[in-house]
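Enquirer: Contents of target_34.cif (mmCIF, C-alpha atoms) are given next:
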```
data_my_file
#
loop_
_atom_site.label_atom_id
_atom_site.label_comp_id
_atom_site.auth_asym_id
_atom_site.auth_seq_id
_atom_site.Cartn_x
_atom_site.Cartn_y
_atom_site.Cartn_z
CA MET N 28 7.02 -121.08 80.82
CA ALA N 29 4.36 -120.54 83.49
CA GLU N 30 3.21 -116.98 84.02
CA THR N 31 3.57 -115.80 87.60
CA LYS N 32 1.14 -113.22 88.93
CA LYS N 33 1.52 -111.17 92.06
CA GLU N 34 -1.19 -112.35 94.43
CA GLN N 35 -3.55 -109.55 95.40
CA LYS N 36 -4.80 -109.10 98.94
CA PRO N 37 -8.30 -107.74 99.52
CA HIS N 38 -8.26 -104.00 100.05
CA ASN N 39 -10.28 -102.68 102.94
CA PHE N 40 -10.13 -99.83 105.39
CA LYS N 41 -12.04 -98.37 108.32
CA ARG N 42 -13.29 -94.82 108.66
CA LYS N 43 -14.90 -93.36 111.78
CA LEU N 44 -17.52 -90.64 111.38
CA GLY N 45 -18.93 -89.44 114.68
CA ASN N 46 -19.76 -92.50 116.78
CA THR N 47 -20.04 -94.82 113.77
CA THR N 48 -17.17 -96.84 112.32
CA TYR N 49 -17.51 -97.93 108.68
CA THR N 50 -15.55 -100.78 107.12
CA VAL N 51 -15.12 -100.41 103.36
CA LYS N 52 -14.10 -103.42 101.28
CA VAL N 53 -12.90 -102.83 97.73
CA HIS N 54 -12.84 -105.54 95.05
CA PHE N 55 -11.37 -105.33 91.56
CA SER N 56 -11.40 -107.69 88.63
CA LYS N 57 -8.39 -110.00 88.45
CA ASP N 58 -8.44 -109.73 84.65
CA THR N 59 -7.51 -106.05 84.49
CA ASP N 60 -4.13 -104.42 84.01
CA LYS N 61 -4.95 -101.41 86.24
CA THR N 62 -3.59 -101.32 89.76
CA PHE N 63 -5.29 -100.18 92.94
CA LYS N 64 -3.35 -96.90 92.75
CA ASP N 65 -4.52 -96.35 89.16
CA ARG N 66 -8.15 -96.62 90.22
CA VAL N 67 -7.91 -94.47 93.36
#
```
Go ahead and render the structure in this file as structure tokens.
Expert:
Amino acid sequence: MAETKKEQKPHNFKRKLGNTTYTVKVHFSKDTDKTFKDRV
């Protein structure tokens, strides 16, 4: 039986501080059992 894995989308967000907008991109290993929520 083939193992199905939920495909993960890249996590990123924008934060504005003053007149500057920052884009933050977060990457995690695909070989881990921890979720995005577990790490944040």
Enquirer: If we count all atoms listed in the file, what is near range 47-51 of chain N at a cut-off of 12 Å, once residues fewer than 6 positions away on the same chain are taken out, given as a list in words?
Expert: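 Using all atoms listed in the file, the neighbours found are Pro37, His38, Asn39, Phe40 and Lys41 of chain N.
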Enquirer: Work out how far apart CA of His54 in chain N and CA of Arg66 in chain N are and give it in Å to one decimal.
Expert: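 According to the coordinates, CA of His54 in chain N and CA of Arg66 in chain N are separated by 11.2 Å.
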Enquirer: For the file shown, report as a list in words the outcome of the PyMOL selection byres ((chain N and resi 67) around 12) at residue level.
Expert: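 After applying the PyMOL selection byres ((chain N and resi 67) around 12), what remains is His38, Val53, Phe55, Lys61, Thr62, Phe63, Lys64, Asp65 and Arg66 of chain N.
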Enquirer: Could you save those same residues with C-alpha atoms as a PDB file, in the coordinates of the input?
Expert:
```pdb
ATOM      1  CA  HIS N  38      -8.260-104.000 100.050  1.00  0.00           C
ATOM      2  CA  VAL N  53     -12.900-102.830  97.730  1.00  0.00           C
ATOM      3  CA  PHE N  55     -11.370-105.330  91.560  1.00  0.00           C
ATOM      4  CA  LYS N  61      -4.950-101.410  86.240  1.00  0.00           C
ATOM      5  CA  THR N  62      -3.590-101.320  89.760  1.00  0.00           C
ATOM      6  CA  PHE N  63      -5.290-100.180  92.940  1.00  0.00           C
ATOM      7  CA  LYS N  64      -3.350 -96.900  92.750  1.00  0.00           C
ATOM      8  CA  ASP N  65      -4.520 -96.350  89.160  1.00  0.00           C
ATOM      9  CA  ARG N  66      -8.150 -96.620  90.220  1.00  0.00           C
TER      10      ARG N  66
END
```
